[in-house]
Amino acid sequence: MYSSRPRLPTALACAALLATGLAGTSNAAAAGIEVNQLGFLPAAQKLAVVPAGANGRFKVVDANSGKPVFEGTLGPAATWDASGESVRIADFSSLRTAGNYRVTVAGQPDSPVFAIGADPYRALDAGAIRAYTLNRASIALDARVAGQYARPPGHPDDKVLVHESAASAKRPAGTVIKSPKGWYDAGDYNKYIVNSGISTYTLLAAYEHFPAWFDKLAVNVPESGNGVPDLLNEVQWNLDWMITMQDPEDGGVYHKLTNKSFDGMVMPDRATAPRYVVQKTTAAALDFAAVMATASRVLAPFDAKAPGRSQRYLAAAENAWRWAVAHPDALYRQPADIQTGTYGDEKVDDEFSWAAAELYIATGKDEYRARAVAAVPGVQTSPGWADVRPLGWISLAQQRAHLKKPEDADNARRQILAAADTLLARWQASPARLSMEKSDFVWGSNAVALNQAMMLVQAYRITKKTDYLNAAQSALDYTLGRNPLGISYVTGFGNRSTQHPHHRPSEADGIAAPVPGWLAGGPNPGQQDAKDCHGVTYASKQPALSYLDHGCSYASNEIAINWNAPLVYVAAALQALER
Ligand SMILES: [Ca+2]
Ligand SMILES: [Ca+2]
């Protein structure tokens with residue numbers, strides 16, 4: 001998510017948070033030896049990042065006995081420009097014995113404990129999916145599913161008003177429609193088609209690429225046990241909402257379903273402001289088309305549970321495409337009376353490309369192929385909600401056997417490899433062994449890391465070249481603790497993790513621990529929230545240190561469905577692909 005405005009109702013909410021003691025603490029750079037706090041599969045590349053000091057040797061010791069099981073020499077010291085810190089790499093990849101360990105260097109505090117074992121990311125992957133379950137609109141979450149996070153239903157969205165910006169002849173302003181279900185987008189309670197697009201696609205792609213992993217992954221969602229994999233049950237909840245956002249009269253798709261302004265920091269059932277569907281846009285129509293075409297393909301094996309679903313989704317996708325072709329410049333313009341997230345996107349050529357790719361796969365039609373395979377200058381290293389072209393490449397590369405012209409997959413594969421080779425070169429040159437450049441530390445930087453990892457995984461799946469997988473592993477390591485703050489950015493996972501995400505239920509539920517399984521947005525030197533975070537300050541302006549574990553920090557510590565999706569994908573990929 002990138003939001004041009006705070007997701008707080010008012011700046012006063014921060015002051016209120018501070019007053020009620022829910023505030024977090026200002027975090028200084030406290031890390032010593034940095035390591036993935038969840039650990040590694042036995043065959044994985046295993047790296048720690050060590051502050052450069054006098055000693056050039058490191059050990060890995062058994063966490064219980066303290067007995068050394070591995071010794072090695074640290075790599076050369078170099079300053080990482082994203083943190084300003086001089087670091088050295090400890091490589092203990094050849095340690096493959098299952099167990100719990102610490103990395104030690106004489107004169108420095110030991111690393112946190114981590115594991116080597118067969119399933120380091122199983123619980124993480126299930127938890128990252130369950131975070132969506134816990135963010136569902138229009139449903140009561142009982143203790144069987146949600147444990148201590150059980151809550152009454154919020155936002156039935158069965159009486160949603162058509163905003164005047166979305167009015168049409170058959171649906172004038174004030175028309176009441178039903179648009180229930182879906183996921184709350186982020187720390188707020190609104191629902192946005194554009195951000196649902198990349199999020200839902202990424203989860204569908206995860207299933208399409210790693211079905212054996214997800215067929216066995218028990219997530220515990222309300223529908224568990226119904227014969228459909230839990231991940232797909234969760235995705236279905238959002239698809240059920242998305243399909244209602246299409247105007248059946250013309251195929252156009254509303255940009256968002258929203259309050260006029262952000263809710264207070266309250267639980268979902270206490271947020272009862274009127275809801276509106278707002279403006280049909282080109283981006284919404286195309287993201288919707290892409291997701292529905294993908295869903296028609298990925299869910300087809302399960303259509304016995306929902307007869308006719310794939311045909312309905314594909315028809316909806318083609319209707320949305322036709323609307324977009326007829327309205328190629330319907331960019332989002334926030335109405336004067338609406339203050340919530342915009343997901344404004346001024347360039348929709350990439351949305352045309354992605355939707356065309358998915359529709360070409362589904363239909364083989366020349367109209368779609370022409371836009372799906374059109375040449376693109378330059379290299380795009382990873383996708384984002386406003387830059388979705390790589391999602392089409394991923395699908396085309398995956399679906400080679402089903403394309404009318406299989407060579408179109410080869411073209412997509414070349415684009416993926418160009419992106420991955422750029423990332424690989426950065427990873428190899430990085431003192432912190434991370435494909436992130438200094439300029440990648442933007443709003444939602446943790447998802448940039450994981451979307452880059454998703455592209456690296458595609459390259460590994462195409463070439464089986466191990467370094468691509470190693471670079472993806474490094475990105476996951478980074479988000480799980482191998483970073484200059486020594487923090488796992490996933491709530492509930494790791495021995496030192498994000499505690500105070502900008503997330504209404506986490507702040508309003510009266511439970512000390514945050515709702516688990518969410519990836520925090522992460523370091524963001526823009527620090528756009530500094531003006532709203534009264535009494536707490538960022539400890540540093542360095543890109544990789546610009547993080548505030550505080551409920552007030554919408555610019556570094558919000559959570560979002562599009563950020564969790566590559567976490568679900570990459571955790572699964574490493575479990576499914578690691579030799
Ligand atoms: Ca775009
Ligand atoms: Ca809480």
# chains A, B, ... in the order shown; residues from 1 in each chain; ligands from 1

$ residues_around --residues "stretch 159-171 of chain A" --least-positions-apart "6" --cutoff "7 Å" --atoms "only C-alpha atoms" --output "PyMOL selection string"
chain A and resi 177-179+275-280

$ write_last_selection --atoms "all heavy atoms" --output "PDB file, in the first residue's frame"
ATOM      1  N   ILE A 177     -26.823  -1.131  -2.931  1.00  0.00           N
ATOM      2  CA  ILE A 177     -26.392  -2.438  -3.444  1.00  0.00           C
ATOM      3  C   ILE A 177     -25.796  -3.260  -2.302  1.00  0.00           C
ATOM      4  O   ILE A 177     -25.465  -2.729  -1.251  1.00  0.00           O
ATOM      5  CB  ILE A 177     -25.371  -2.310  -4.607  1.00  0.00           C
ATOM      6  CG1 ILE A 177     -24.049  -1.721  -4.106  1.00  0.00           C
ATOM      7  CG2 ILE A 177     -25.951  -1.465  -5.731  1.00  0.00           C
ATOM      8  CD1 ILE A 177     -22.918  -1.804  -5.124  1.00  0.00           C
ATOM      9  N   LYS A 178     -25.677  -4.551  -2.563  1.00  0.00           N
ATOM     10  CA  LYS A 178     -25.009  -5.441  -1.598  1.00  0.00           C
ATOM     11  C   LYS A 178     -23.589  -5.703  -2.089  1.00  0.00           C
ATOM     12  O   LYS A 178     -23.382  -6.055  -3.243  1.00  0.00           O
ATOM     13  CB  LYS A 178     -25.752  -6.784  -1.514  1.00  0.00           C
ATOM     14  CG  LYS A 178     -27.131  -6.726  -0.900  1.00  0.00           C
ATOM     15  CD  LYS A 178     -27.670  -8.158  -0.792  1.00  0.00           C
ATOM     16  CE  LYS A 178     -29.170  -8.233  -0.592  1.00  0.00           C
ATOM     17  NZ  LYS A 178     -29.697  -7.389   0.471  1.00  0.00           N
ATOM     18  N   SER A 179     -22.634  -5.587  -1.179  1.00  0.00           N
ATOM     19  CA  SER A 179     -21.246  -5.854  -1.541  1.00  0.00           C
ATOM     20  C   SER A 179     -20.470  -6.392  -0.326  1.00  0.00           C
ATOM     21  O   SER A 179     -19.459  -5.837   0.091  1.00  0.00           O
ATOM     22  CB  SER A 179     -20.589  -4.571  -2.085  1.00  0.00           C
ATOM     23  OG  SER A 179     -19.361  -4.855  -2.691  1.00  0.00           O
ATOM     24  N   ARG A 275     -21.409   3.390   4.013  1.00  0.00           N
ATOM     25  CA  ARG A 275     -20.373   2.946   3.059  1.00  0.00           C
ATOM     26  C   ARG A 275     -20.844   3.223   1.632  1.00  0.00           C
ATOM     27  O   ARG A 275     -22.029   3.120   1.318  1.00  0.00           O
ATOM     28  CB  ARG A 275     -20.116   1.447   3.239  1.00  0.00           C
ATOM     29  CG  ARG A 275     -19.846   1.052   4.700  1.00  0.00           C
ATOM     30  CD  ARG A 275     -18.397   0.948   5.008  1.00  0.00           C
ATOM     31  NE  ARG A 275     -17.877  -0.361   4.684  1.00  0.00           N
ATOM     32  CZ  ARG A 275     -16.599  -0.705   4.894  1.00  0.00           C
ATOM     33  NH1 ARG A 275     -15.759   0.176   5.425  1.00  0.00           N
ATOM     34  NH2 ARG A 275     -16.163  -1.905   4.580  1.00  0.00           N
ATOM     35  N   TYR A 276     -19.899   3.503   0.776  1.00  0.00           N
ATOM     36  CA  TYR A 276     -20.179   3.877  -0.608  1.00  0.00           C
ATOM     37  C   TYR A 276     -19.298   3.086  -1.570  1.00  0.00           C
ATOM     38  O   TYR A 276     -18.163   2.761  -1.252  1.00  0.00           O
ATOM     39  CB  TYR A 276     -19.876   5.371  -0.823  1.00  0.00           C
ATOM     40  CG  TYR A 276     -20.700   6.298   0.027  1.00  0.00           C
ATOM     41  CD1 TYR A 276     -20.313   6.580   1.337  1.00  0.00           C
ATOM     42  CD2 TYR A 276     -21.875   6.862  -0.465  1.00  0.00           C
ATOM     43  CE1 TYR A 276     -21.079   7.414   2.138  1.00  0.00           C
ATOM     44  CE2 TYR A 276     -22.647   7.695   0.328  1.00  0.00           C
ATOM     45  CZ  TYR A 276     -22.251   7.969   1.638  1.00  0.00           C
ATOM     46  OH  TYR A 276     -23.003   8.792   2.423  1.00  0.00           O
ATOM     47  N   VAL A 277     -19.810   2.806  -2.757  1.00  0.00           N
ATOM     48  CA  VAL A 277     -18.928   2.442  -3.863  1.00  0.00           C
ATOM     49  C   VAL A 277     -18.666   3.715  -4.654  1.00  0.00           C
ATOM     50  O   VAL A 277     -19.564   4.517  -4.895  1.00  0.00           O
ATOM     51  CB  VAL A 277     -19.516   1.333  -4.768  1.00  0.00           C
ATOM     52  CG1 VAL A 277     -19.517  -0.001  -4.038  1.00  0.00           C
ATOM     53  CG2 VAL A 277     -20.902   1.678  -5.288  1.00  0.00           C
ATOM     54  N   VAL A 278     -17.387   3.894  -5.019  1.00  0.00           N
ATOM     55  CA  VAL A 278     -16.920   5.166  -5.569  1.00  0.00           C
ATOM     56  C   VAL A 278     -16.322   4.934  -6.956  1.00  0.00           C
ATOM     57  O   VAL A 278     -15.575   3.982  -7.168  1.00  0.00           O
ATOM     58  CB  VAL A 278     -15.878   5.807  -4.620  1.00  0.00           C
ATOM     59  CG1 VAL A 278     -15.367   7.125  -5.191  1.00  0.00           C
ATOM     60  CG2 VAL A 278     -16.490   6.025  -3.237  1.00  0.00           C
ATOM     61  N   GLN A 279     -16.599   5.754  -7.875  1.00  0.00           N
ATOM     62  CA  GLN A 279     -16.073   5.878  -9.234  1.00  0.00           C
ATOM     63  C   GLN A 279     -15.589   4.573  -9.879  1.00  0.00           C
ATOM     64  O   GLN A 279     -14.762   3.869  -9.338  1.00  0.00           O
ATOM     65  CB  GLN A 279     -14.895   6.880  -9.236  1.00  0.00           C
ATOM     66  CG  GLN A 279     -14.528   7.319 -10.643  1.00  0.00           C
ATOM     67  CD  GLN A 279     -13.224   8.137 -10.698  1.00  0.00           C
ATOM     68  OE1 GLN A 279     -12.806   8.711  -9.715  1.00  0.00           O
ATOM     69  NE2 GLN A 279     -12.625   8.186 -11.871  1.00  0.00           N
ATOM     70  N   LYS A 280     -16.095   4.316 -11.063  1.00  0.00           N
ATOM     71  CA  LYS A 280     -15.540   3.225 -11.880  1.00  0.00           C
ATOM     72  C   LYS A 280     -14.241   3.725 -12.527  1.00  0.00           C
ATOM     73  O   LYS A 280     -14.210   4.825 -13.067  1.00  0.00           O
ATOM     74  CB  LYS A 280     -16.532   2.823 -12.974  1.00  0.00           C
ATOM     75  CG  LYS A 280     -17.802   2.181 -12.447  1.00  0.00           C
ATOM     76  CD  LYS A 280     -18.838   2.056 -13.547  1.00  0.00           C
ATOM     77  CE  LYS A 280     -20.162   1.605 -12.991  1.00  0.00           C
ATOM     78  NZ  LYS A 280     -21.261   1.765 -13.971  1.00  0.00           N
TER      79      LYS A 280
END

$ residues_around --residues "A:Ser546" --least-positions-apart "6" --cutoff "8 Å" --atoms "only C-alpha atoms" --output "list of chain:residue names"
A:Gly522, A:Pro523, A:Asn524, A:Pro525, A:Gln527, A:Tyr538, A:Ala539, A:Ser540, A:Ser556

$ write_last_selection --atoms "all heavy atoms" --output "short mmCIF file (atom, residue, chain, number, x, y, z; two decimals), in the first residue's frame"
data_model
loop_
_atom_site.label_atom_id
_atom_site.label_comp_id
_atom_site.auth_asym_id
_atom_site.auth_seq_id
_atom_site.Cartn_x
_atom_site.Cartn_y
_atom_site.Cartn_z
N GLY A 522 7.45 -1.64 7.07
CA GLY A 522 8.90 -1.63 7.18
C GLY A 522 9.54 -0.28 6.96
O GLY A 522 8.86 0.73 6.71
N PRO A 523 10.86 -0.25 7.08
CA PRO A 523 11.60 1.01 7.05
C PRO A 523 11.25 1.88 5.84
O PRO A 523 11.19 1.39 4.71
CB PRO A 523 13.07 0.55 6.99
CG PRO A 523 13.07 -0.78 7.67
CD PRO A 523 11.75 -1.40 7.28
N ASN A 524 11.06 3.15 6.10
CA ASN A 524 10.62 4.08 5.07
C ASN A 524 11.16 5.46 5.41
O ASN A 524 10.60 6.16 6.25
CB ASN A 524 9.08 4.09 5.04
CG ASN A 524 8.51 5.20 4.18
OD1 ASN A 524 9.23 5.82 3.40
ND2 ASN A 524 7.22 5.46 4.33
N PRO A 525 12.27 5.84 4.78
CA PRO A 525 12.90 7.12 5.14
C PRO A 525 12.05 8.33 4.81
O PRO A 525 12.39 9.44 5.24
CB PRO A 525 14.21 7.10 4.33
CG PRO A 525 13.96 6.14 3.22
CD PRO A 525 13.02 5.11 3.76
N GLN A 527 9.30 8.86 6.15
CA GLN A 527 8.83 9.23 7.51
C GLN A 527 7.65 10.19 7.45
O GLN A 527 7.58 11.17 8.21
CB GLN A 527 10.00 9.81 8.34
CG GLN A 527 11.16 8.84 8.45
CD GLN A 527 12.29 9.31 9.37
OE1 GLN A 527 12.21 10.36 9.97
NE2 GLN A 527 13.34 8.48 9.49
N TYR A 538 11.56 8.82 15.13
CA TYR A 538 12.43 7.86 14.47
C TYR A 538 13.85 8.02 15.03
O TYR A 538 14.32 9.14 15.24
CB TYR A 538 12.46 8.11 12.97
CG TYR A 538 11.20 7.67 12.23
CD1 TYR A 538 10.09 8.50 12.14
CD2 TYR A 538 11.17 6.43 11.60
CE1 TYR A 538 8.97 8.10 11.44
CE2 TYR A 538 10.04 6.03 10.90
CZ TYR A 538 8.94 6.86 10.82
OH TYR A 538 7.83 6.48 10.13
N ALA A 539 14.52 6.87 15.22
CA ALA A 539 15.87 6.92 15.79
C ALA A 539 16.91 7.31 14.75
O ALA A 539 18.02 7.67 15.10
CB ALA A 539 16.22 5.56 16.39
N SER A 540 16.57 7.21 13.49
CA SER A 540 17.57 7.44 12.44
C SER A 540 16.88 7.85 11.16
O SER A 540 15.71 7.52 10.93
CB SER A 540 18.35 6.14 12.21
OG SER A 540 19.18 6.27 11.07
N SER A 556 5.49 3.42 8.40
CA SER A 556 6.47 2.33 8.51
C SER A 556 5.91 1.09 9.17
O SER A 556 6.53 0.04 9.13
CB SER A 556 7.72 2.78 9.28
OG SER A 556 7.52 2.75 10.69
#

$ residues_near_ligand --ligand "ligand 1" --cutoff "6 Å" --atoms "only C-alpha atoms and all ligand atoms" --output "list in words"
Asp345, Lys347, Val348, Asp350, Glu351, Ala386 and Asp387 of chain A

$ write_last_selection --atoms "N, CA and C atoms" --output "tab-separated table (two decimals), in the first residue's frame"
chain	number	residue	atom	x	y	z
A	345	ASP	N	-3.57	5.74	-9.73
A	345	ASP	CA	-2.53	5.21	-10.61
A	345	ASP	C	-2.70	5.93	-11.94
A	347	LYS	N	-0.85	5.61	-14.63
A	347	LYS	CA	-0.40	4.85	-15.81
A	347	LYS	C	-1.06	3.48	-15.80
A	348	VAL	N	-1.85	3.21	-16.81
A	348	VAL	CA	-2.58	1.94	-16.82
A	348	VAL	C	-2.17	1.04	-17.99
A	350	ASP	N	0.33	-0.88	-17.95
A	350	ASP	CA	0.73	-2.14	-17.32
A	350	ASP	C	-0.50	-2.95	-16.89
A	351	GLU	N	-1.55	-2.27	-16.46
A	351	GLU	CA	-2.79	-2.98	-16.12
A	351	GLU	C	-3.40	-3.61	-17.38
A	386	ALA	N	0.73	-0.63	-8.27
A	386	ALA	CA	0.55	0.27	-9.40
A	386	ALA	C	1.37	-0.15	-10.62
A	387	ASP	N	2.16	-1.21	-10.47
A	387	ASP	CA	3.05	-1.67	-11.54
A	387	ASP	C	2.92	-3.17	-11.70

$ residues_around --residues "A:Trp183" --least-positions-apart "3" --cutoff "12 Å" --atoms "only C-alpha atoms" --output "compact mmCIF listing (two decimals) with N, CA, C and O atoms, in the first residue's frame"
# COMPACT_ATOMS: atom_id res chain seq x y z
N ILE A 129 -1.45 -16.48 6.09
CA ILE A 129 -2.76 -16.64 5.45
C ILE A 129 -3.87 -16.33 6.44
O ILE A 129 -4.85 -15.66 6.13
N ARG A 130 -3.70 -16.81 7.67
CA ARG A 130 -4.73 -16.59 8.69
C ARG A 130 -4.90 -15.11 9.01
O ARG A 130 -5.97 -14.67 9.46
N ALA A 131 -3.86 -14.33 8.81
CA ALA A 131 -4.00 -12.89 9.01
C ALA A 131 -5.14 -12.34 8.13
O ALA A 131 -5.90 -11.47 8.56
N TYR A 132 -5.27 -12.87 6.92
CA TYR A 132 -6.39 -12.47 6.05
C TYR A 132 -7.72 -12.88 6.67
O TYR A 132 -8.69 -12.12 6.65
N THR A 133 -7.77 -14.11 7.19
CA THR A 133 -9.00 -14.58 7.84
C THR A 133 -9.41 -13.60 8.94
O THR A 133 -10.59 -13.23 9.05
N LEU A 134 -8.43 -13.19 9.74
CA LEU A 134 -8.72 -12.31 10.87
C LEU A 134 -9.05 -10.90 10.40
O LEU A 134 -9.56 -10.09 11.18
N ASN A 135 -8.79 -10.58 9.14
CA ASN A 135 -9.14 -9.27 8.58
C ASN A 135 -10.38 -9.34 7.68
O ASN A 135 -10.64 -8.41 6.91
N ARG A 136 -11.14 -10.43 7.78
CA ARG A 136 -12.34 -10.54 6.94
C ARG A 136 -13.42 -9.56 7.39
O ARG A 136 -13.69 -9.42 8.59
N ALA A 137 -14.05 -8.94 6.41
CA ALA A 137 -15.26 -8.17 6.67
C ALA A 137 -16.45 -9.11 6.70
O ALA A 137 -16.40 -10.23 6.18
N SER A 138 -17.53 -8.66 7.32
CA SER A 138 -18.87 -9.29 7.22
C SER A 138 -18.95 -10.68 7.83
O SER A 138 -19.78 -11.48 7.41
N ILE A 139 -18.12 -10.98 8.82
CA ILE A 139 -18.19 -12.32 9.42
C ILE A 139 -17.80 -12.25 10.89
O ILE A 139 -16.90 -11.48 11.27
N GLY A 154 -18.17 -7.42 11.56
CA GLY A 154 -18.14 -6.00 11.24
C GLY A 154 -18.53 -5.80 9.79
O GLY A 154 -18.41 -6.70 8.97
N HIS A 155 -19.01 -4.61 9.48
CA HIS A 155 -19.25 -4.21 8.10
C HIS A 155 -19.99 -5.26 7.27
O HIS A 155 -19.40 -5.88 6.38
N PRO A 156 -21.29 -5.44 7.52
CA PRO A 156 -22.04 -6.39 6.69
C PRO A 156 -22.04 -5.98 5.21
O PRO A 156 -22.11 -6.83 4.33
N ASP A 157 -21.93 -4.70 4.95
CA ASP A 157 -21.90 -4.18 3.57
C ASP A 157 -23.04 -4.74 2.71
O ASP A 157 -22.86 -5.03 1.52
N SER A 179 -22.63 -5.59 -1.18
CA SER A 179 -21.25 -5.85 -1.54
C SER A 179 -20.47 -6.39 -0.33
O SER A 179 -19.46 -5.84 0.09
N PRO A 180 -20.97 -7.52 0.23
CA PRO A 180 -20.38 -8.04 1.47
C PRO A 180 -19.10 -8.81 1.23
O PRO A 180 -18.68 -9.03 0.09
N ALA A 186 -6.15 -3.05 5.02
CA ALA A 186 -4.89 -2.75 5.71
C ALA A 186 -5.21 -2.45 7.16
O ALA A 186 -6.01 -3.15 7.79
N GLY A 187 -4.63 -1.38 7.70
CA GLY A 187 -4.97 -0.96 9.05
C GLY A 187 -6.35 -0.34 9.14
O GLY A 187 -6.90 -0.17 10.22
N ASP A 188 -6.93 0.00 7.99
CA ASP A 188 -8.27 0.60 7.95
C ASP A 188 -9.29 -0.46 7.52
O ASP A 188 -8.93 -1.59 7.24
N TYR A 189 -10.56 -0.06 7.49
CA TYR A 189 -11.63 -1.02 7.24
C TYR A 189 -12.26 -0.88 5.85
O TYR A 189 -13.36 -1.36 5.61
N ASN A 190 -11.57 -0.21 4.95
CA ASN A 190 -12.13 -0.05 3.61
C ASN A 190 -11.63 -1.14 2.68
O ASN A 190 -10.75 -1.92 3.04
N LYS A 191 -12.26 -1.23 1.51
CA LYS A 191 -11.96 -2.31 0.56
C LYS A 191 -11.70 -1.67 -0.81
O LYS A 191 -12.54 -0.93 -1.32
N TYR A 192 -10.53 -1.97 -1.38
CA TYR A 192 -10.08 -1.29 -2.59
C TYR A 192 -9.79 -2.34 -3.67
O TYR A 192 -8.97 -3.23 -3.46
N ILE A 193 -10.41 -2.20 -4.83
CA ILE A 193 -10.23 -3.20 -5.88
C ILE A 193 -8.78 -3.25 -6.38
O ILE A 193 -8.22 -4.33 -6.59
N ASN A 195 -5.92 -2.67 -4.92
CA ASN A 195 -5.00 -3.39 -4.04
C ASN A 195 -5.43 -4.83 -3.83
O ASN A 195 -4.59 -5.71 -3.59
N SER A 196 -6.71 -5.10 -3.94
CA SER A 196 -7.16 -6.50 -3.93
C SER A 196 -6.62 -7.23 -5.16
O SER A 196 -6.42 -8.45 -5.11
N GLY A 197 -6.39 -6.51 -6.25
CA GLY A 197 -5.94 -7.14 -7.49
C GLY A 197 -4.64 -7.88 -7.31
O GLY A 197 -4.57 -9.11 -7.44
N SER A 199 -2.99 -8.48 -4.61
CA SER A 199 -3.01 -9.36 -3.43
C SER A 199 -3.63 -10.71 -3.78
O SER A 199 -3.06 -11.77 -3.50
N THR A 200 -4.81 -10.67 -4.37
CA THR A 200 -5.53 -11.90 -4.67
C THR A 200 -4.79 -12.71 -5.73
O THR A 200 -4.67 -13.94 -5.64
N GLU A 234 -9.67 -19.08 1.59
CA GLU A 234 -9.45 -17.70 2.02
C GLU A 234 -9.56 -16.75 0.83
O GLU A 234 -10.18 -15.69 0.91
N VAL A 235 -8.97 -17.14 -0.29
CA VAL A 235 -9.04 -16.31 -1.50
C VAL A 235 -10.49 -16.15 -1.96
O VAL A 235 -10.91 -15.07 -2.39
N GLN A 236 -11.27 -17.23 -1.82
CA GLN A 236 -12.66 -17.19 -2.26
C GLN A 236 -13.44 -16.09 -1.53
O GLN A 236 -14.33 -15.45 -2.10
N TRP A 237 -13.10 -15.89 -0.25
CA TRP A 237 -13.80 -14.86 0.53
C TRP A 237 -13.67 -13.49 -0.13
O TRP A 237 -14.60 -12.69 -0.16
N ASN A 238 -12.48 -13.21 -0.66
CA ASN A 238 -12.28 -11.91 -1.31
C ASN A 238 -12.85 -11.88 -2.73
O ASN A 238 -13.36 -10.86 -3.18
N LEU A 239 -12.77 -13.02 -3.43
CA LEU A 239 -13.38 -13.07 -4.76
C LEU A 239 -14.88 -12.85 -4.68
O LEU A 239 -15.48 -12.20 -5.54
N ASP A 240 -15.50 -13.40 -3.63
CA ASP A 240 -16.95 -13.22 -3.45
C ASP A 240 -17.30 -11.74 -3.33
O ASP A 240 -18.36 -11.30 -3.77
N TRP A 241 -16.39 -10.98 -2.70
CA TRP A 241 -16.61 -9.54 -2.64
C TRP A 241 -16.31 -8.88 -3.99
O TRP A 241 -17.11 -8.10 -4.51
N MET A 242 -15.16 -9.20 -4.54
CA MET A 242 -14.75 -8.49 -5.77
C MET A 242 -15.81 -8.58 -6.87
O MET A 242 -16.08 -7.60 -7.57
N LEU A 257 -14.79 0.47 -2.07
CA LEU A 257 -15.95 0.49 -1.19
C LEU A 257 -15.47 1.06 0.13
O LEU A 257 -14.58 0.48 0.78
N PRO A 268 -14.10 -3.66 14.48
CA PRO A 268 -14.95 -3.57 13.28
C PRO A 268 -16.43 -3.35 13.59
O PRO A 268 -17.10 -2.57 12.89
N ALA A 560 -0.85 -4.60 5.43
CA ALA A 560 -1.69 -4.49 4.24
C ALA A 560 -1.76 -5.83 3.51
O ALA A 560 -0.79 -6.60 3.53
N ILE A 561 -2.90 -6.06 2.88
CA ILE A 561 -3.08 -7.35 2.20
C ILE A 561 -2.08 -7.55 1.07
O ILE A 561 -1.67 -8.68 0.80
N ASN A 562 -1.66 -6.48 0.42
CA ASN A 562 -0.70 -6.66 -0.69
C ASN A 562 0.72 -6.89 -0.18
O ASN A 562 1.55 -7.38 -0.92

$ closest_residue --among "A:Gly66, A:Gly510, A:Pro406, A:Gly551" --to "ligand 2" --atoms "only C-alpha atoms and all ligand atoms"
A:Gly510

$ select_by_dssp --residues "stretch 40-281 of chain A" --states "strand (DSSP E)" --output "ChimeraX atom specification"
/A:40,47-51,57-62,68-73,78-80,85-91,99-104,114-116,160-162,176-177,191-192,254-258,276-280

$ select_by_dssp --residues "stretch 13-127 of chain A" --states "alpha helix (DSSP H)" --output "list in words"
Ala13, Cys14, Ala15, Ala16, Leu17, Leu18, Ala19, Thr20, Arg122, Ala123, Leu124, Asp125, Ala126 and Gly127 of chain A

$ residues_around --residues "stretch 470-480 of chain A" --least-positions-apart "6" --cutoff "8 Å" --atoms "only C-alpha atoms" --output "PyMOL selection string"
chain A and resi 35-38+44-45+47+424+427+433-435+446+449-450+452-454+456-457+487-490+493-494+567+570-571+574

$ residues_near_ligand --ligand "ligand 2" --cutoff "12 Å" --atoms "only C-alpha atoms and all ligand atoms" --output "PyMOL selection string"
chain A and resi 17+21-24+148-149+265-267+491-492+498-516+550-551

$ closest_residue --among "A:Gly75, A:Gly251, A:Pro211, A:Pro307" --to "A:Leu232" --atoms "only C-alpha atoms"
A:Pro211

$ residues_around --residues "A:Thr381" --least-positions-apart "4" --cutoff "7 Å" --atoms "only C-alpha atoms" --output "PyMOL selection string"
chain A and resi 419-420+423+452

$ closest_residue --among "A:Pro153, A:Leu204, A:Asp119, A:Ile361" --to "A:Ala401" --atoms "only C-alpha atoms"
A:Ile361

$ atom_distance --atom1 "atom CA of A:Ala317" --atom2 "atom CA of A:Ser353"
13.9 Å

$ closest_residue --among "A:Pro543, A:Gly107, A:Gly444, A:Gly53" --to "A:Pro484" --atoms "only C-alpha atoms"
A:Pro543

$ closest_residue --among "A:Ala355, A:Leu485, A:Ala126, A:Cys552" --to "A:Leu217" --atoms "only C-alpha atoms"
A:Ala126

$ closest_residue --among "A:Thr282, A:Asn557, A:Ser65, A:Ser111" --to "A:Ser445" --atoms "only C-alpha atoms"
A:Asn557

$ atom_distance --atom1 "atom CA of A:Val298" --atom2 "atom CA of A:Asp215"
13.3 Å

$ residues_around --residues "A:Arg88" --least-positions-apart "5" --cutoff "9 Å" --atoms "only C-alpha atoms" --output "number ranges by chain"
A: 48-53, 56, 74-79, 431-432

$ write_last_selection --atoms "C-alpha atoms" --output "compact mmCIF listing (two decimals), in the first residue's frame"
# COMPACT_ATOMS: atom_id res chain seq x y z
CA ALA A 48 24.14 -14.00 9.25
CA VAL A 49 25.14 -10.34 9.14
CA VAL A 50 27.70 -9.34 11.76
CA PRO A 51 28.71 -5.81 12.79
CA ALA A 52 32.30 -5.35 11.68
CA GLY A 53 34.68 -5.52 14.67
CA GLY A 56 37.27 -12.14 11.98
CA LEU A 74 33.72 -13.72 8.36
CA GLY A 75 33.63 -12.11 4.94
CA PRO A 76 35.31 -8.75 4.35
CA ALA A 77 33.92 -5.66 6.08
CA ALA A 78 31.93 -3.25 3.93
CA THR A 79 29.54 -0.40 4.64
CA PRO A 431 27.41 -5.84 1.89
CA ALA A 432 24.18 -7.03 3.57

$ atom_distance --atom1 "atom CA of A:Ser395" --atom2 "atom CA of A:Phe352"
14.3 Å

$ residues_around --residues "A:Asn451" --least-positions-apart "6" --cutoff "8 Å" --atoms "only C-alpha atoms" --output "PyMOL selection string"
chain A and resi 382-384+566

$ write_last_selection --atoms "N, CA, C and O atoms" --output "CSV table (one decimal), in the first residue's frame"
chain,number,residue,atom,x,y,z
A,382,SER,N,10.4,-5.8,-10.1
A,382,SER,CA,9.4,-6.5,-9.3
A,382,SER,C,8.1,-5.8,-9.5
A,382,SER,O,8.0,-4.6,-9.9
A,383,PRO,N,7.0,-6.4,-9.2
A,383,PRO,CA,5.7,-5.8,-9.3
A,383,PRO,C,5.3,-5.0,-8.0
A,383,PRO,O,5.9,-5.1,-7.0
A,384,GLY,N,4.3,-4.2,-8.1
A,384,GLY,CA,3.7,-3.5,-7.0
A,384,GLY,C,2.3,-3.2,-7.4
A,384,GLY,O,1.9,-3.4,-8.6
A,566,PRO,N,3.1,-11.5,-0.9
A,566,PRO,CA,4.4,-12.1,-1.2
A,566,PRO,C,5.1,-12.8,-0.1
A,566,PRO,O,5.9,-13.7,-0.3
